[in-house]
$ cat entry-v7.txt   # compact mmCIF, C-alpha atoms
# COMPACT_ATOMS: atom_id res chain seq x y z
CA MET A 174 56.94 16.18 10.90
CA SER A 175 59.03 17.21 7.95
CA ASN A 176 59.45 20.71 6.55
CA SER A 177 58.61 19.73 2.98
CA LEU A 178 55.92 21.56 1.06
CA GLU A 179 53.92 18.43 0.40
CA PRO A 180 51.85 16.98 3.23
CA GLU A 181 52.67 13.44 4.21
CA PRO A 182 50.22 10.94 2.75
CA GLU A 183 47.92 9.77 5.51
CA GLN A 184 44.90 7.57 5.45
CA LYS A 185 41.73 9.55 5.81
CA PRO A 186 39.77 8.03 8.68
CA SER A 187 36.46 6.61 7.61
CA ARG A 188 33.47 8.20 9.32
CA PHE A 189 31.09 5.50 8.14
CA SER A 190 31.05 1.76 8.14
CA GLY A 191 29.90 -0.07 5.02
CA ARG A 192 28.12 -2.81 7.02
CA LEU A 193 24.84 -2.87 8.87
CA GLY A 194 25.03 -4.31 12.35
CA VAL A 195 22.34 -6.53 13.84
CA GLY A 196 21.08 -3.65 15.98
CA TRP A 197 20.67 -1.41 12.96
CA ILE A 198 18.93 -4.16 11.01
CA LEU A 199 16.44 -4.70 13.84
CA GLY A 200 15.94 -0.96 14.19
CA THR A 201 15.39 -0.58 10.46
CA VAL A 202 12.81 -3.37 10.48
CA ALA A 203 11.07 -1.78 13.49
CA VAL A 204 10.89 1.60 11.72
CA GLY A 205 9.52 -0.16 8.62
CA VAL A 206 6.82 -1.97 10.60
CA VAL A 207 5.71 1.17 12.46
CA THR A 208 5.71 3.48 9.44
CA GLY A 209 4.13 0.80 7.24
CA ALA A 210 1.34 0.23 9.76
CA VAL A 211 0.73 3.96 10.26
CA GLY A 212 0.66 4.53 6.50
CA THR A 213 -1.66 1.58 5.88
CA VAL A 214 -4.11 2.81 8.49
CA MET A 215 -3.93 6.40 7.29
CA HIS A 216 -3.93 6.06 3.48
CA LEU A 217 -7.71 5.77 3.07
CA ASN A 218 -8.50 9.06 4.84
CA SER A 219 -10.19 11.52 2.52
CA LEU A 220 -12.10 14.76 2.47
CA TRP A 221 -15.53 14.77 0.84
CA THR A 222 -16.21 17.94 -1.13
CA GLY A 223 -19.77 17.13 -2.19
CA SER A 224 -19.52 15.01 -5.29
CA PHE A 225 -15.98 13.66 -4.98
CA GLY A 226 -13.39 12.90 -2.37
CA ILE A 227 -9.84 14.16 -2.02
CA PRO A 228 -7.55 11.35 -0.77
CA TRP A 229 -5.26 13.37 1.51
CA GLY A 230 -4.40 10.33 3.63
CA VAL A 231 -2.30 8.67 0.94
CA ALA A 232 -0.11 11.76 0.60
CA LEU A 233 0.48 11.83 4.34
CA ALA A 234 1.09 8.06 4.40
CA LEU A 235 3.71 8.32 1.66
CA LEU A 236 5.35 11.23 3.49
CA VAL A 237 5.58 9.16 6.70
CA ALA A 238 6.98 6.18 4.77
CA GLY A 239 9.50 8.35 2.93
CA LEU A 240 10.67 10.04 6.12
CA GLY A 241 11.14 6.64 7.77
CA GLN A 242 13.21 5.41 4.84
CA TRP A 243 15.25 8.61 4.67
CA TRP A 244 15.95 8.58 8.41
CA THR A 245 17.13 4.95 8.50
CA GLY A 246 19.29 5.52 5.43
CA LEU A 247 21.00 8.57 6.88
CA MET A 248 21.38 7.17 10.39
CA THR A 249 23.12 4.07 9.08
CA ALA A 250 24.78 5.81 6.11
CA ASN A 251 23.76 2.80 4.08
CA MET A 252 21.28 2.55 1.23
CA LEU A 253 20.53 -1.06 2.17
CA ALA A 254 18.81 0.19 5.31
CA THR A 255 16.54 2.33 3.16
CA GLY A 256 15.65 -0.63 0.98
CA LEU A 257 15.07 -2.85 3.99
CA THR A 258 12.76 -0.24 5.51
CA GLY A 259 10.76 -0.06 2.27
CA ILE A 260 10.52 -3.84 1.98
CA THR A 261 9.35 -4.04 5.59
CA GLN A 262 6.76 -1.32 4.96
CA TYR A 263 5.39 -3.24 2.00
CA ALA A 264 5.39 -6.51 3.96
CA THR A 265 3.47 -4.76 6.75
CA LEU A 266 0.96 -3.47 4.20
CA ALA A 267 0.55 -6.96 2.77
CA ALA A 268 0.12 -8.50 6.22
CA MET A 269 -2.45 -5.93 7.33
CA THR A 270 -4.54 -6.12 4.16
CA GLY A 271 -4.19 -9.82 3.48
CA LEU A 272 -4.19 -11.51 6.85
CA LEU A 273 -6.88 -9.52 8.63
CA PRO A 274 -10.44 -10.53 7.73
CA GLY A 275 -12.60 -7.90 6.05
CA GLU A 276 -11.78 -4.74 4.16
CA HIS A 277 -10.49 -2.59 7.03
CA PHE A 278 -7.29 -1.31 5.43
CA SER A 279 -8.10 -1.60 1.74
CA VAL A 280 -10.98 -1.32 -0.68
CA PRO A 281 -12.02 -4.04 -3.13
CA MET A 282 -10.84 -3.44 -6.66
CA ASN A 283 -14.05 -3.84 -8.66
CA THR A 284 -16.31 -1.75 -10.88
CA GLN A 285 -18.77 -1.01 -8.10
CA THR A 286 -16.09 0.45 -5.85
CA TRP A 287 -14.64 2.42 -8.75
CA GLU A 288 -18.11 3.81 -9.51
CA PHE A 289 -18.99 4.95 -5.98
CA VAL A 290 -15.66 5.75 -4.30
CA PRO A 291 -13.05 6.18 -7.03
CA HIS A 292 -10.83 8.30 -4.77
CA LEU A 293 -10.43 5.35 -2.37
CA VAL A 294 -9.46 3.05 -5.24
CA ILE A 295 -6.93 5.64 -6.40
CA ALA A 296 -5.61 6.02 -2.84
CA THR A 297 -5.21 2.25 -2.49
CA LEU A 298 -3.39 1.95 -5.81
CA MET A 299 -1.17 4.92 -4.98
CA TRP A 300 -0.27 3.45 -1.58
CA HIS A 301 0.51 -0.01 -2.96
CA ALA A 302 2.58 1.24 -5.89
CA GLY A 303 3.83 4.32 -4.06
CA ILE A 304 5.81 2.37 -1.48
CA ILE A 305 7.72 0.60 -4.26
CA VAL A 306 8.44 3.77 -6.24
CA LEU A 307 9.25 5.70 -3.07
CA THR A 308 11.70 3.02 -1.93
CA MET A 309 13.58 3.08 -5.24
CA LEU A 310 13.71 6.89 -5.24
CA THR A 311 14.80 7.09 -1.61
CA VAL A 312 17.55 4.49 -2.13
CA ILE A 313 18.96 6.64 -4.95
CA LEU A 314 18.71 9.86 -2.92
CA VAL A 315 20.26 8.33 0.21
CA SER A 316 23.07 6.82 -1.87
CA ARG A 317 23.86 10.24 -3.35
CA GLN A 318 23.70 11.95 0.04
CA VAL A 319 25.96 9.38 1.70
CA ARG A 320 28.47 9.58 -1.16
CA ARG A 321 28.47 13.38 -0.98
CA THR A 322 28.95 13.28 2.79
CA ARG A 323 31.81 10.78 2.55
CA GLU A 324 33.61 12.94 0.00
CA GLN A 325 33.16 16.10 2.05
CA PRO A 326 36.20 17.07 4.10
CA THR A 327 35.74 17.11 7.86
CA ASP A 328 36.89 19.72 10.35
CA ASP A 329 39.58 17.25 11.41
CA ASP A 330 40.93 17.23 7.87
CA TYR A 331 41.47 20.99 8.03
CA TYR A 332 43.21 20.79 11.41
CA LEU A 333 45.42 17.86 10.40
CA GLY A 334 46.36 19.48 7.11
CA LEU A 335 44.81 16.73 5.00
CA HIS A 336 42.82 19.15 2.88
CA SER A 337 44.93 20.41 -0.02
CA SER A 338 43.96 24.10 0.17
CA ALA A 339 44.50 24.15 3.92
CA ALA A 340 47.91 22.50 3.52
CA ALA A 341 48.90 24.96 0.81
CA TRP A 342 47.84 27.90 2.98
CA ASP A 343 49.75 26.60 6.01
CA ASN A 344 52.95 26.27 3.98
CA ARG A 345 53.05 29.90 2.82

$ encode --input "entry-v7.txt" --output "structure tokens"
Amino acid sequence: MSNSLEPEPEQKPSRFSGRLGVGWILGTVAVGVVTGAVGTVMHLNSLWTGSFGIPWGVALALLVAGLGQWWTGLMTANMLATGLTGITQYATLAAMTGLLPGEHFSVPMNTQTWEFVPHLVIATLMWHAGIIVLTMLTVILVSRQVRRTREQPTDDDYYLGLHSSAAAWDNR
């Protein structure tokens, strides 16, 4: 240690890694499959109020999908995990609606369906497009949050004197 007023330049230890490990990739895909399946099953739930239905299930499905994306992004501190979760959610939606016979998890997009149950058509369109929009929005938000967290000084920085105001205060 020297007695100079300026702190010695030290490398700030990185709290986050820029890469996703295989375990995190598998975990991210698992979260995407589970939240995509739950959202696909839940998005067609609605409340009938007499003459029209309120599609509350799609709002809850998008909330579940968004929370899954947000969690994987923050746990890995990587926006790629968020994107991978969203892609997996959409792939799960496609698999459940396209590979299973019948209309269990979707409604047909035709004039008859639009005439009799327009809220289910709206819910289906919102779920299909919502995952894409939600993924793009969550990637941006996670990227900002991770950047903000990386730039934030840690408690160790204060104790080691790496923070400029702490170093200036200690030297008085």

$ residues_around --input "entry-v7.txt" --residues "Gly259 in chain A" --least-positions-apart "3" --cutoff "10 Å" --atoms "only C-alpha atoms" --output "ChimeraX atom specification"
/A:201-202,204-206,208-209,238-239,241-242,253-256,262-265,304-309,311-312

$ write_last_selection --input "entry-v7.txt" --atoms "C-alpha atoms" --output "compact mmCIF listing (two decimals), in the coordinates of the input"
# COMPACT_ATOMS: atom_id res chain seq x y z
CA THR A 201 15.39 -0.58 10.46
CA VAL A 202 12.81 -3.37 10.48
CA VAL A 204 10.89 1.60 11.72
CA GLY A 205 9.52 -0.16 8.62
CA VAL A 206 6.82 -1.97 10.60
CA THR A 208 5.71 3.48 9.44
CA GLY A 209 4.13 0.80 7.24
CA ALA A 238 6.98 6.18 4.77
CA GLY A 239 9.50 8.35 2.93
CA GLY A 241 11.14 6.64 7.77
CA GLN A 242 13.21 5.41 4.84
CA LEU A 253 20.53 -1.06 2.17
CA ALA A 254 18.81 0.19 5.31
CA THR A 255 16.54 2.33 3.16
CA GLY A 256 15.65 -0.63 0.98
CA GLN A 262 6.76 -1.32 4.96
CA TYR A 263 5.39 -3.24 2.00
CA ALA A 264 5.39 -6.51 3.96
CA THR A 265 3.47 -4.76 6.75
CA ILE A 304 5.81 2.37 -1.48
CA ILE A 305 7.72 0.60 -4.26
CA VAL A 306 8.44 3.77 -6.24
CA LEU A 307 9.25 5.70 -3.07
CA THR A 308 11.70 3.02 -1.93
CA MET A 309 13.58 3.08 -5.24
CA THR A 311 14.80 7.09 -1.61
CA VAL A 312 17.55 4.49 -2.13

$ residues_around --input "entry-v7.txt" --residues "Leu293 in chain A" --least-positions-apart "2" --cutoff "10 Å" --atoms "all atoms listed in the file" --output "MDAnalysis selection string"
chainID A and resid 216:219 226:228 230:231 279:282 286:287 289:291 295:299

$ atom_distance --input "entry-v7.txt" --atom1 "CA of Gly246 in chain A" --atom2 "CA of Gly303 in chain A"
18.2 Å

$ atom_distance --input "entry-v7.txt" --atom1 "CA of Thr270 in chain A" --atom2 "CA of Glu288 in chain A"
21.7 Å

$ atom_distance --input "entry-v7.txt" --atom1 "CA of Asn283 in chain A" --atom2 "CA of Trp300 in chain A"
17.1 Å

$ closest_residue --input "entry-v7.txt" --among "A:Leu247, A:Ile313, A:Ala268, A:Met252" --to "Thr213 in chain A" --atoms "only C-alpha atoms"
A:Ala268

$ closest_residue --input "entry-v7.txt" --among "A:Gly200, A:Gly194, A:Gly271, A:Gly223" --to "Thr258 in chain A" --atoms "all atoms listed in the file"
A:Gly200

$ residues_around --input "entry-v7.txt" --residues "Ala250 in chain A" --least-positions-apart "3" --cutoff "10 Å" --atoms "only C-alpha atoms" --output "JSON list (two decimals) with C-alpha atoms, in the frame of the given file"
[["chain", "number", "residue", "atom", "x", "y", "z"],
["A", 188, "ARG", "CA", 33.47, 8.20, 9.32],
["A", 189, "PHE", "CA", 31.09, 5.50, 8.14],
["A", 190, "SER", "CA", 31.05, 1.76, 8.14],
["A", 191, "GLY", "CA", 29.90, -0.07, 5.02],
["A", 192, "ARG", "CA", 28.12, -2.81, 7.02],
["A", 193, "LEU", "CA", 24.84, -2.87, 8.87],
["A", 244, "TRP", "CA", 15.95, 8.58, 8.41],
["A", 245, "THR", "CA", 17.13, 4.95, 8.50],
["A", 246, "GLY", "CA", 19.29, 5.52, 5.43],
["A", 247, "LEU", "CA", 21.00, 8.57, 6.88],
["A", 253, "LEU", "CA", 20.53, -1.06, 2.17],
["A", 254, "ALA", "CA", 18.81, 0.19, 5.31],
["A", 255, "THR", "CA", 16.54, 2.33, 3.16],
["A", 315, "VAL", "CA", 20.26, 8.33, 0.21],
["A", 316, "SER", "CA", 23.07, 6.82, -1.87],
["A", 318, "GLN", "CA", 23.70, 11.95, 0.04],
["A", 319, "VAL", "CA", 25.96, 9.38, 1.70],
["A", 320, "ARG", "CA", 28.47, 9.58, -1.16],
["A", 322, "THR", "CA", 28.95, 13.28, 2.79],
["A", 323, "ARG", "CA", 31.81, 10.78, 2.55]]

$ closest_residue --input "entry-v7.txt" --among "A:His277, A:His292, A:Ala203, A:Thr222" --to "Thr261 in chain A" --atoms "only C-alpha atoms"
A:Ala203

$ closest_residue --input "entry-v7.txt" --among "A:Leu257, A:Asn251, A:Ser224, A:His301" --to "Phe278 in chain A" --atoms "only C-alpha atoms"
A:His301

$ closest_residue --input "entry-v7.txt" --among "A:Gly212, A:Trp197, A:Glu324, A:Thr284" --to "Leu240 in chain A" --atoms "only C-alpha atoms"
A:Gly212

$ axis_aligned_box --input "entry-v7.txt" --around "range 296-303 of chain A" --padding-each-side "8 Å" --output "lines of an AutoDock Vina configuration file"
center_x = -0.9
center_y = 3.0
center_z = -3.7
size_x = 25.4
size_y = 22.0
size_z = 20.3
